[in-house]
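Undergrad: As input, take work.pdb (PDB, C-alpha atoms):
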```pdb
ATOM      1  CA  MET C   1     -17.444  -7.663  13.906
ATOM      2  CA  PRO C   2     -19.575  -4.657  14.910
ATOM      3  CA  THR C   3     -19.886  -1.992  12.248
ATOM      4  CA  ALA C   4     -18.193   0.709  14.350
ATOM      5  CA  LEU C   5     -15.129  -1.471  14.969
ATOM      6  CA  LYS C   6     -14.984  -2.480  11.328
ATOM      7  CA  ALA C   7     -15.045   1.204  10.365
ATOM      8  CA  ALA C   8     -12.210   1.902  12.827
ATOM      9  CA  CYS C   9     -10.120  -0.912  11.345
ATOM     10  CA  PHE C  10     -10.844   0.351   7.840
ATOM     11  CA  ARG C  11      -9.659   3.861   8.761
ATOM     12  CA  ALA C  12      -6.408   2.397  10.098
ATOM     13  CA  LEU C  13      -6.005   0.268   6.973
ATOM     14  CA  LYS C  14      -6.581   3.266   4.725
ATOM     15  CA  GLU C  15      -3.977   5.276   6.635
ATOM     16  CA  SER C  16      -1.450   2.448   6.307
ATOM     17  CA  ALA C  17      -2.241   2.014   2.615
ATOM     18  CA  GLY C  18      -1.562   5.715   2.121
ATOM     19  CA  ALA C  19       1.778   5.340   3.889
ATOM     20  CA  VAL C  20       2.699   2.377   1.651
ATOM     21  CA  ILE C  21       1.782   4.376  -1.450
ATOM     22  CA  ASP C  22       3.874   7.330  -0.268
ATOM     23  CA  GLY C  23       6.794   5.024   0.535
ATOM     24  CA  THR C  24       6.528   3.387  -2.869
ATOM     25  CA  LYS C  25       6.462   6.751  -4.628
ATOM     26  CA  SER C  26       9.577   7.846  -2.784
ATOM     27  CA  ARG C  27      11.470   4.719  -3.917
ATOM     28  CA  VAL C  28      10.258   4.073  -7.459
ATOM     29  CA  LYS C  29      12.525   4.903 -10.405
ATOM     30  CA  LEU C  30      11.531   8.196 -12.006
ATOM     31  CA  ASP C  31      12.431   7.683 -15.679
ATOM     32  CA  THR C  32       8.951   8.482 -17.003
ATOM     33  CA  ARG C  33       7.156   9.073 -13.675
ATOM     34  CA  ASN C  34       4.509   6.620 -14.889
ATOM     35  CA  LEU C  35       4.917   4.171 -11.994
ATOM     36  CA  HIS C  36       5.283   7.034  -9.529
ATOM     37  CA  ASN C  37       1.972   8.555 -10.594
ATOM     38  CA  SER C  38      -0.063   5.377 -10.970
ATOM     39  CA  VAL C  39       0.483   3.327  -7.795
ATOM     40  CA  LYS C  40      -2.934   2.973  -6.134
ATOM     41  CA  ALA C  41      -4.829   1.138  -3.424
ATOM     42  CA  ARG C  42      -7.987  -0.875  -4.055
ATOM     43  CA  TYR C  43     -10.387  -1.664  -1.222
ATOM     44  CA  GLU C  44     -13.104  -4.279  -0.897
ATOM     45  CA  ASN C  45     -16.430  -2.865   0.290
ATOM     46  CA  ASN C  46     -17.389  -5.586   2.734
ATOM     47  CA  ARG C  47     -13.933  -6.586   4.003
ATOM     48  CA  VAL C  48     -11.094  -4.842   5.772
ATOM     49  CA  ARG C  49      -8.646  -5.471   2.959
ATOM     50  CA  ALA C  50      -6.475  -3.361   0.679
ATOM     51  CA  GLU C  51      -4.482  -4.250  -2.406
ATOM     52  CA  ILE C  52      -1.740  -1.826  -3.345
ATOM     53  CA  GLY C  53      -0.033  -1.823  -6.699
ATOM     54  CA  TRP C  54      -0.249  -0.823 -10.320
ATOM     55  CA  TRP C  55      -3.497  -1.733 -12.054
ATOM     56  CA  ASP C  56      -3.244  -0.102 -15.494
ATOM     57  CA  ARG C  57      -2.163  -2.157 -18.503
ATOM     58  CA  ASP C  58       0.622   0.328 -19.180
ATOM     59  CA  ASP C  59       2.109  -0.473 -15.776
ATOM     60  CA  ARG C  60       2.702  -4.192 -16.232
ATOM     61  CA  TYR C  61       6.460  -3.546 -16.355
ATOM     62  CA  ALA C  62       6.275  -2.693 -12.633
ATOM     63  CA  VAL C  63       6.832  -6.404 -11.927
ATOM     64  CA  TRP C  64      10.140  -6.253 -13.798
ATOM     65  CA  GLN C  65      11.166  -3.168 -11.851
ATOM     66  CA  GLU C  66      10.201  -4.753  -8.534
ATOM     67  CA  PHE C  67      11.781  -8.184  -9.053
ATOM     68  CA  GLY C  68      14.199  -7.711 -11.944
ATOM     69  CA  THR C  69      14.827  -9.989 -14.903
ATOM     70  CA  ARG C  70      17.762 -12.110 -15.998
ATOM     71  CA  LYS C  71      19.282  -9.056 -17.641
ATOM     72  CA  MET C  72      18.041  -6.276 -15.356
ATOM     73  CA  PRO C  73      18.590  -5.966 -11.614
ATOM     74  CA  ALA C  74      15.612  -5.476  -9.335
ATOM     75  CA  ASN C  75      14.689  -1.970  -8.228
ATOM     76  CA  PRO C  76      12.124  -2.785  -5.535
ATOM     77  CA  SER C  77       9.849  -0.032  -4.309
ATOM     78  CA  LEU C  78       6.532  -1.572  -3.219
ATOM     79  CA  GLY C  79       8.052  -4.421  -1.186
ATOM     80  CA  PRO C  80      10.299  -2.221   0.962
ATOM     81  CA  ALA C  81       7.473   0.276   1.530
ATOM     82  CA  LEU C  82       5.185  -2.542   2.670
ATOM     83  CA  GLU C  83       7.842  -3.987   4.968
ATOM     84  CA  GLU C  84       8.420  -0.576   6.521
ATOM     85  CA  GLU C  85       4.716   0.045   7.111
ATOM     86  CA  LYS C  86       3.584  -3.381   8.349
ATOM     87  CA  ARG C  87       4.997  -2.784  11.828
ATOM     88  CA  HIS C  88       2.855   0.383  12.151
ATOM     89  CA  LEU C  89      -0.509  -1.149  11.207
ATOM     90  CA  PRO C  90      -1.257  -2.871  14.557
ATOM     91  CA  GLU C  91      -0.745   0.395  16.452
ATOM     92  CA  ARG C  92      -2.906   2.272  13.948
ATOM     93  CA  ILE C  93      -5.688  -0.286  14.473
ATOM     94  CA  ARG C  94      -5.396  -0.045  18.265
ATOM     95  CA  ARG C  95      -5.503   3.747  18.110
ATOM     96  CA  GLU C  96      -8.604   3.798  15.894
ATOM     97  CA  ILE C  97     -10.439   1.205  18.011
ATOM     98  CA  ARG C  98      -9.656   3.145  21.200
ATOM     99  CA  ARG C  99     -10.920   6.311  19.532
ATOM    100  CA  GLU C 100     -14.115   4.528  18.498
ATOM    101  CA  LEU C 101     -14.746   3.065  21.952
ATOM    102  CA  SER C 102     -14.089   6.269  23.899
TER     103      SER C 102
END
```
Is it possible to give me this structure as structure tokens?

TA:
Amino acid sequence: MPTALKAACFRALKESAGAVIDGTKSRVKLDTRNLHNSVKARYENNRVRAEIGWWDRDDRYAVWQEFGTRKMPANPSLGPALEEEKRHLPERIRREIRRELS
């Protein structure tokens, strides 16, 4: 993939990742605000790829919040934010590629 197109796709990906983070923050339980403040995106330098989640050791309980346990119901925040945003990513990519080519 040409560098300019890869950069356009990366811009679209970064915009979508930001939207997922914002959506997650708006849904996450706010007991301590720890999960709200620590959700982040990680990007790979040579690939158009983002991983969004909680990466600190103190945040490992995010899995329990997202999926629940036998004794605690799930309070999903990342999954719904991702589902909401995934329909917007193709249009973001198209828009950025058109901008790059014009």

Undergrad: Pick out the closest residue to C:Tyr61 from this set: C:Lys29, C:Lys14, C:His88, C:Arg99. Count only C-alpha atoms.

TA: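 Nearest to C:Tyr61: C:Lys29.
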
Undergrad: Let me make sure I understand: among C:Leu101, C:Leu30, C:Val39, C:Leu89, which one has the smallest atom-to-atom distance to C:Asn75 if we use all atoms listed in the file?

TA: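 Smallest separation from C:Asn75 among the options: C:Leu30.
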
Undergrad: So which residues are close to (8.9, -4.6, -5.0), meaning at most 10 Å away in the file's coordinates with all atoms listed in the file counted, and can you show them as a list in words?

TA: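 The distance filter leaves exactly Thr24, Arg27, Val28, Gly53, Ala62, Val63, Trp64, Gln65, Glu66, Phe67, Gly68, Ala74, Asn75, Pro76, Ser77, Leu78, Gly79, Pro80, Ala81 and Leu82 of chain C.
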
Undergrad: So, with only C-alpha atoms as the atoms that count, which of C:Ala12, C:Ala41, C:Ala50, C:Val20 lies closest to C:Glu83?

TA: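 For C:Glu83, the nearest of the candidates is C:Val20.
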
Undergrad: When the PyMOL selection byres ((chain C and resi 94) around 12) is applied to the structure above, which residues does it catch, written out as an MDAnalysis selection string?

TA: chainID C and resid 5 8:13 88:93 95:101

Undergrad: Given the choices C:Glu15, C:Lys86, C:Ser38, C:Met72, which gets closest to C:Asp58 if the distance is worked out from all atoms listed in the file?

TA: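 Ranking C:Glu15, C:Lys86, C:Ser38, C:Met72 by distance to C:Asp58, first place goes to C:Ser38.
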
Undergrad: Distance atom CA of C:Leu35-atom CA of C:Arg87, one decimal place?

TA: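 Pair atom CA of C:Leu35 / atom CA of C:Arg87 returns 24.8 Å.
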
Undergrad: Atom CA of C:Lys71 to atom CA of C:Asn37: how many Å, to one decimal?

TA: 25.7 Å

Undergrad: Could you tell me how far atom CA of C:Ile52 lies from atom CA of C:Met1, in Å and to one decimal?

TA: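 Going from atom CA of C:Ile52 over to atom CA of C:Met1, I get 24.0 Å.
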
Undergrad: To test the calculation: enclose all listed atoms of stretch 47-60 of chain C in a box whose edges run along x, y and z, add 5 Å on each side, then state centre and edge lengths in Å to one decimal, as AutoDock Vina command-line options.

TA:
```
--center_x -5.6 --center_y -3.1 --center_z -6.7 --size_x 26.6 --size_y 16.9 --size_z 35.0
```
